[in-house]
Amino acid sequence: MDVVNPLNVFKGPDSIRNYFNPDEQPPVPLVELPEKLNPFRGDGVRIYVKLLTSLPAQNVKALPALNMLLNEPSAAERSLVEVSSGSTVTSLSIAARVLYDNDDTTAFVSNKAALDRVRELQFYGLRVALYGGPTYTETTDPRGPVEWARRLGRENDKILNLGQYDNVYNWKSHERWTGPQIWKQLPEINVFCMGMGSTGCVTGTGMYLKSQKPSVKVLGVCNVEADIVPGPRERPMHETSPFPWKEVVDFTEIVSSEESYRTSLRLSREGIITGPSTGMALKGLLNFLQQAKDNGTLNTYADKSTGEISCVFISCDLPQKHVDTYFKKLGPEEFKPIVNEELFAYDQHVYSFRWEIDPEEVQNDISGIIDQVKNCILSKNPGELTNGDSVSAVPSSIRFVDLRSRVDFDLCHVKSAYNFPMSGLTAETKSPFDFGDINALIEQSKGVDSLLKSPELSKWLSGATSPLVVLCYNGETSRLMTAALRAQGVEAYSFKGGMPGLAKYLDINTPGH
């Protein structure tokens with residue numbers, strides 16, 4: 001078939017507008033599922049997924065949103081409102097910017113929607129207005145949110161409610177784009193399957209395919225009553241839909257949310273990254289095929305020219321916005337365990353390599369700190385100074401805190417350094433960043449937290465604002481402490497190699513050595 005813009009490149013002032021135009025790009029992929037995802041391959045069934053998630057807005061609603069806006073030029077100057085917590089209103093918002101530079105879109109969202117979905121709407125620049133009561137109602141219910149949004153549009157000429165549930169340009173978008181693409185890609189198609197939300201895709205796509213090949217069977221999939229899958233709706237709620245879906249849909253299947261999430265999880269792990277409504281469509285198709293096989297009617301759907309049954313379902317959405325819900329819907333056996341999960345409770349501070357003084361590296365941004373360190377004086381005579389005493393030769397613009405034991409501190413330390421021994425810390429203590437032994441990190445994190453809660457250390461830290469260098473036996477525990485101090489707003493640094501590293505550095509840089 002002829003392919004427009006085969007290199008998929010968009011240039012010039014209308015580049016993004018053209019990118020959003022399906023007529024200006026190649027068809028989105030149609031991918032056959034491998035046998036591990038198609039249990040009926042041995043029965044002559046081939047299953048394909050149409051990846052409408054490859055559209056610019058990455059969801060099935062990108063096409064209705066585009067078509068509805070193209071056929072309503074007044075959208076350029078009016079505030080858009082839509083009852084939707086996901087793909088429809090997100091696509092409307094993005095497409096309104098692309099087509100008309102209109103960034104005024106409000107999503108009416110149930111107060112029972114998952115927070116991650118609401119945050120995604122905010123991410124895309126939408127205004128979110130919550131409503132209470134039932135999440136879904138019949139679209140014609142005068143007490144429901146859909147009718148409320150319609151009234152807003154009717155009563156205020158500055159507000160536009162395009163209305164996905166009764167706008168003919170919804171289903172006509174799929175008659176215009178989705179159906180023709182599938183037909184060109186797979187003329188041997190026998191079964192088309194789609195989840196039923198607004199019924200736009202199942203109606204428009206099915207109508208076009210049947211116009212080209214009347215033998216094509218259309219399967220609509222709905223969710224179980226009061227068992228929500230984002231996007232689709234319960235079978236009874238479609239009875240009042242003004243779209244001619246009943247003229248198109250031959251069969252319907254009902255699928256639970258758990259089955260929907262589990263099926264999309266499996267698809268995603270095998271390379272077809274899709275969300276729960278896509279999983280629902282595939283599970284509904286598999287149920288339909290199983291019933292036909294059990295009834296001995298499977299072969300009645302076979303193509304006369306190929307002898308095979310070619311099925312297509314739509315990839316409607318992506319899973320990322322629903323990740324938290326996957327863990328709520330599915331059991332822990334579906335997910336590999338997190339190794340060292342207990343570390344979520346420890347060492348949660350940010351690190352930076354700029355906070356570690358490494359005299360062997362050029363660190364221009366802390367060169368002043370390094371110069372001050374060079375002027376420090378070591379005491380190697382036990383009892384020479386008491387803890388924290390000041391000496392005129394020690395720079396007052398930098399402070400030292402030493403985490404080593406009192407015995408080791410007395411043997412060698414920076415004059416004027418303050419000694420706050422960390423419980424259990426010795427020269428033999430493992431690095432907290434020994435990834436094979438998380439206990440070292442846990443215990444030293446506890447030690448850092450305990451020190452920071454010490455009234456004595458808190459008082460000493462608040463006594464001055466000059467930079468602070470943290471010392472330990474090997475420079476690793478001090479990195480842990482430095483990160484914690486930085487989180488409290490203290491300008492802290494660690495020294496690579498700890499006290500031994502500092503002693504070596506000062507010996508090398510002391511005249512006569």
# chains A, B, ... in the order shown; residues from 1 in each chain; ligands from 1
>>> select_by_dssp(residues="region 196-330 of chain A", states="alpha helix (DSSP H)", output="ChimeraX atom specification")
/A:200-212,257-269,276-295,323-329
>>> residues_around(residues="Pro432 (chain A)", least_positions_apart="4", cutoff="7 Å", atoms="only C-alpha atoms", output="VMD selection string")
chain A and resid 440 to 441 444 476 to 477
>>> write_last_selection(atoms="N, CA and C atoms", output="PDB file, in the first residue's frame")
ATOM      1  N   ALA A 440      25.670  -3.247  57.313  1.00  0.00           N
ATOM      2  CA  ALA A 440      26.594  -2.162  57.626  1.00  0.00           C
ATOM      3  C   ALA A 440      25.928  -0.817  57.386  1.00  0.00           C
ATOM      4  N   LEU A 441      25.225  -0.685  56.275  1.00  0.00           N
ATOM      5  CA  LEU A 441      24.536   0.569  55.975  1.00  0.00           C
ATOM      6  C   LEU A 441      23.423   0.839  56.971  1.00  0.00           C
ATOM      7  N   GLN A 444      24.977   1.821  60.430  1.00  0.00           N
ATOM      8  CA  GLN A 444      25.599   3.146  60.416  1.00  0.00           C
ATOM      9  C   GLN A 444      24.579   4.250  60.161  1.00  0.00           C
ATOM     10  N   GLU A 476      33.996   6.719  54.284  1.00  0.00           N
ATOM     11  CA  GLU A 476      32.705   6.236  53.802  1.00  0.00           C
ATOM     12  C   GLU A 476      31.573   6.563  54.778  1.00  0.00           C
ATOM     13  N   THR A 477      31.802   6.314  56.055  1.00  0.00           N
ATOM     14  CA  THR A 477      30.789   6.686  57.039  1.00  0.00           C
ATOM     15  C   THR A 477      30.555   8.192  57.034  1.00  0.00           C
TER      16      THR A 477
END
>>> atom_distance(atom1="CA of Ser257 (chain A)", atom2="CA of Gly331 (chain A)")
13.1 Å
>>> residues_around(residues="Asp324 (chain A)", least_positions_apart="6", cutoff="10 Å", atoms="only C-alpha atoms", output="PyMOL selection string")
chain A and resi 114-116
>>> write_last_selection(atoms="C-alpha atoms", output="PDB file, in the first residue's frame")
ATOM      1  CA  ALA A 114      -6.582   7.326  41.628  1.00  0.00           C
ATOM      2  CA  LEU A 115      -4.300  10.206  42.570  1.00  0.00           C
ATOM      3  CA  ASP A 116      -1.703   9.225  39.978  1.00  0.00           C
TER       4      ASP A 116
END
>>> residues_around(residues="region 117-131 of chain A", least_positions_apart="3", cutoff="10 Å", atoms="only C-alpha atoms", output="number ranges by chain")
A: 81, 83-87, 89-94, 103-114, 134-135, 144-145, 320-322
>>> residues_around(residues="Glu35 (chain A)", least_positions_apart="3", cutoff="10 Å", atoms="only C-alpha atoms", output="ChimeraX atom specification")
/A:32,38-42,45-47
>>> closest_residue(among="A:Arg17, A:Thr429, A:Asn375, A:Tyr493", to="Phe400 (chain A)", atoms="only C-alpha atoms")
A:Tyr493
>>> residues_around(residues="Leu378 (chain A)", least_positions_apart="6", cutoff="7 Å", atoms="only C-alpha atoms", output="list of chain:residue names")
A:Cys412, A:His413, A:Val414, A:Lys415
>>> residues_around(residues="region 267-277 of chain A", least_positions_apart="3", cutoff="6 Å", atoms="only C-alpha atoms", output="ChimeraX atom specification")
/A:260-261,264,280,317-319
>>> write_last_selection(atoms="all heavy atoms", output="CSV table (one decimal), in the first residue's frame")
chain,number,residue,atom,x,y,z
A,260,SER,N,-8.3,-8.1,33.4
A,260,SER,CA,-7.8,-7.0,32.5
A,260,SER,C,-6.4,-6.6,32.9
A,260,SER,O,-5.6,-6.5,32.0
A,260,SER,CB,-8.8,-5.8,32.6
A,260,SER,OG,-10.1,-6.2,32.3
A,261,TYR,N,-6.2,-6.4,34.2
A,261,TYR,CA,-4.9,-5.9,34.6
A,261,TYR,C,-3.9,-7.0,34.4
A,261,TYR,O,-2.7,-6.8,34.0
A,261,TYR,CB,-4.9,-5.5,36.1
A,261,TYR,CG,-5.4,-4.1,36.2
A,261,TYR,CD1,-6.8,-3.8,36.3
A,261,TYR,CD2,-4.5,-3.0,36.3
A,261,TYR,CE1,-7.2,-2.5,36.5
A,261,TYR,CE2,-5.0,-1.7,36.5
A,261,TYR,CZ,-6.3,-1.4,36.6
A,261,TYR,OH,-6.8,-0.2,36.7
A,264,SER,N,-3.0,-7.4,30.6
A,264,SER,CA,-2.1,-6.3,30.1
A,264,SER,C,-0.7,-6.4,30.7
A,264,SER,O,0.3,-6.0,30.1
A,264,SER,CB,-2.7,-4.9,30.4
A,264,SER,OG,-2.6,-4.5,31.8
A,280,MET,N,-8.2,-5.9,28.8
A,280,MET,CA,-9.6,-6.3,28.9
A,280,MET,C,-10.0,-6.7,27.5
A,280,MET,O,-10.7,-7.8,27.3
A,280,MET,CB,-10.5,-5.2,29.4
A,280,MET,CG,-11.9,-5.6,29.6
A,280,MET,SD,-12.9,-4.2,30.2
A,280,MET,CE,-13.4,-3.5,28.7
A,317,ASP,N,-4.4,2.1,25.6
A,317,ASP,CA,-3.7,2.9,26.6
A,317,ASP,C,-2.4,2.3,27.0
A,317,ASP,O,-2.1,1.2,26.7
A,317,ASP,CB,-4.7,3.1,27.8
A,317,ASP,CG,-5.0,1.7,28.4
A,317,ASP,OD1,-4.8,0.7,27.8
A,317,ASP,OD2,-5.6,1.7,29.5
A,318,LEU,N,-1.7,3.1,27.9
A,318,LEU,CA,-0.4,2.6,28.4
A,318,LEU,C,-0.6,2.3,29.9
A,318,LEU,O,-1.5,2.9,30.6
A,318,LEU,CB,0.7,3.7,28.2
A,318,LEU,CG,1.0,3.9,26.7
A,318,LEU,CD1,1.9,5.1,26.5
A,318,LEU,CD2,1.7,2.6,26.1
A,319,PRO,N,0.3,1.5,30.5
A,319,PRO,CA,0.1,1.1,31.9
A,319,PRO,C,0.7,2.0,32.9
A,319,PRO,O,0.3,1.9,34.1
A,319,PRO,CB,0.9,-0.2,31.9
A,319,PRO,CG,2.0,-0.1,30.9
A,319,PRO,CD,1.4,0.8,29.8
>>> select_by_dssp(residues="region 214-453 of chain A", states="strand (DSSP E)", output="PyMOL selection string")
chain A and resi 217-223+251-255+309-315+356-357+378-379+399-402+413-414+418-419
>>> closest_atom_pairs(of="region 400-431 of chain A", to="region 450-461 of chain A", cutoff="12 Å", atoms="only C-alpha atoms", output="JSON lines")
{"residue": "A:Phe400", "atom": "CA", "partner": "A:Leu461", "partner_atom": "CA", "distance": 10.6}
{"residue": "A:Val401", "atom": "CA", "partner": "A:Leu457", "partner_atom": "CA", "distance": 9.5}
{"residue": "A:Asp402", "atom": "CA", "partner": "A:Leu457", "partner_atom": "CA", "distance": 11.5}
{"residue": "A:Leu403", "atom": "CA", "partner": "A:Leu451", "partner_atom": "CA", "distance": 9.5}
{"residue": "A:Ala417", "atom": "CA", "partner": "A:Trp460", "partner_atom": "CA", "distance": 11.5}
{"residue": "A:Tyr418", "atom": "CA", "partner": "A:Trp460", "partner_atom": "CA", "distance": 8.9}
{"residue": "A:Asn419", "atom": "CA", "partner": "A:Leu457", "partner_atom": "CA", "distance": 9.7}
{"residue": "A:Phe420", "atom": "CA", "partner": "A:Leu457", "partner_atom": "CA", "distance": 7.5}
{"residue": "A:Pro421", "atom": "CA", "partner": "A:Leu451", "partner_atom": "CA", "distance": 8.6}
{"residue": "A:Met422", "atom": "CA", "partner": "A:Leu451", "partner_atom": "CA", "distance": 7.0}
{"residue": "A:Ser423", "atom": "CA", "partner": "A:Leu451", "partner_atom": "CA", "distance": 8.8}
{"residue": "A:Gly424", "atom": "CA", "partner": "A:Ser450", "partner_atom": "CA", "distance": 12.0}
>>> write_last_selection(atoms="N, CA, C and O atoms", output="short mmCIF file (atom, residue, chain, number, x, y, z; two decimals), in the first residue's frame")
data_model
loop_
_atom_site.label_atom_id
_atom_site.label_comp_id
_atom_site.auth_asym_id
_atom_site.auth_seq_id
_atom_site.Cartn_x
_atom_site.Cartn_y
_atom_site.Cartn_z
N PHE A 400 35.72 20.90 61.91
CA PHE A 400 35.86 19.45 61.74
C PHE A 400 35.06 18.74 62.82
O PHE A 400 35.08 19.13 63.99
N VAL A 401 34.37 17.68 62.41
CA VAL A 401 33.75 16.79 63.37
C VAL A 401 34.27 15.38 63.06
O VAL A 401 34.34 14.96 61.91
N ASP A 402 34.68 14.69 64.10
CA ASP A 402 35.35 13.40 63.96
C ASP A 402 34.48 12.32 64.59
O ASP A 402 34.13 12.41 65.78
N LEU A 403 34.12 11.31 63.81
CA LEU A 403 33.20 10.27 64.26
C LEU A 403 33.90 9.06 64.88
O LEU A 403 33.23 8.13 65.34
N ALA A 417 39.25 19.97 66.19
CA ALA A 417 38.15 19.10 65.77
C ALA A 417 37.32 18.69 66.97
O ALA A 417 37.83 18.56 68.08
N TYR A 418 36.05 18.49 66.75
CA TYR A 418 35.16 18.04 67.80
C TYR A 418 34.90 16.55 67.60
O TYR A 418 34.60 16.11 66.51
N ASN A 419 35.03 15.80 68.66
CA ASN A 419 34.88 14.35 68.58
C ASN A 419 33.48 13.95 69.07
O ASN A 419 33.13 14.17 70.22
N PHE A 420 32.70 13.38 68.14
CA PHE A 420 31.40 12.81 68.48
C PHE A 420 31.43 11.34 68.05
O PHE A 420 31.05 11.00 66.93
N PRO A 421 31.93 10.45 68.90
CA PRO A 421 32.07 9.04 68.50
C PRO A 421 30.73 8.41 68.13
O PRO A 421 29.75 8.56 68.85
N MET A 422 30.72 7.74 66.98
CA MET A 422 29.53 6.99 66.58
C MET A 422 29.57 5.62 67.23
O MET A 422 30.58 4.92 67.13
N SER A 423 28.50 5.24 67.85
CA SER A 423 28.43 3.97 68.55
C SER A 423 28.76 2.81 67.60
O SER A 423 28.18 2.70 66.51
N GLY A 424 29.69 1.97 68.01
CA GLY A 424 30.04 0.77 67.25
C GLY A 424 30.99 0.99 66.10
O GLY A 424 31.40 0.03 65.44
#
>>> closest_residue(among="A:Val224, A:Cys376, A:Leu265, A:Ile309", to="Glu334 (chain A)", atoms="only C-alpha atoms")
A:Leu265
>>> decode(residues="region 478-493 of chain A", atoms="C-alpha atoms", output="CSV table (one decimal), in the first residue's frame")
chain,number,residue,atom,x,y,z
A,478,SER,CA,31.5,10.4,56.8
A,479,ARG,CA,29.8,10.4,53.3
A,480,LEU,CA,26.7,9.0,55.0
A,481,MET,CA,26.9,11.7,57.7
A,482,THR,CA,27.5,14.4,55.1
A,483,ALA,CA,24.4,13.6,53.2
A,484,ALA,CA,22.3,13.7,56.4
A,485,LEU,CA,23.8,17.0,57.4
A,486,ARG,CA,23.2,18.5,53.9
A,487,ALA,CA,19.6,17.5,54.2
A,488,GLN,CA,19.5,19.6,57.4
A,489,GLY,CA,21.0,22.6,55.5
A,490,VAL,CA,24.5,22.3,56.9
A,491,GLU,CA,27.3,22.9,54.4
A,492,ALA,CA,29.1,19.6,55.1
A,493,TYR,CA,31.9,17.8,53.3
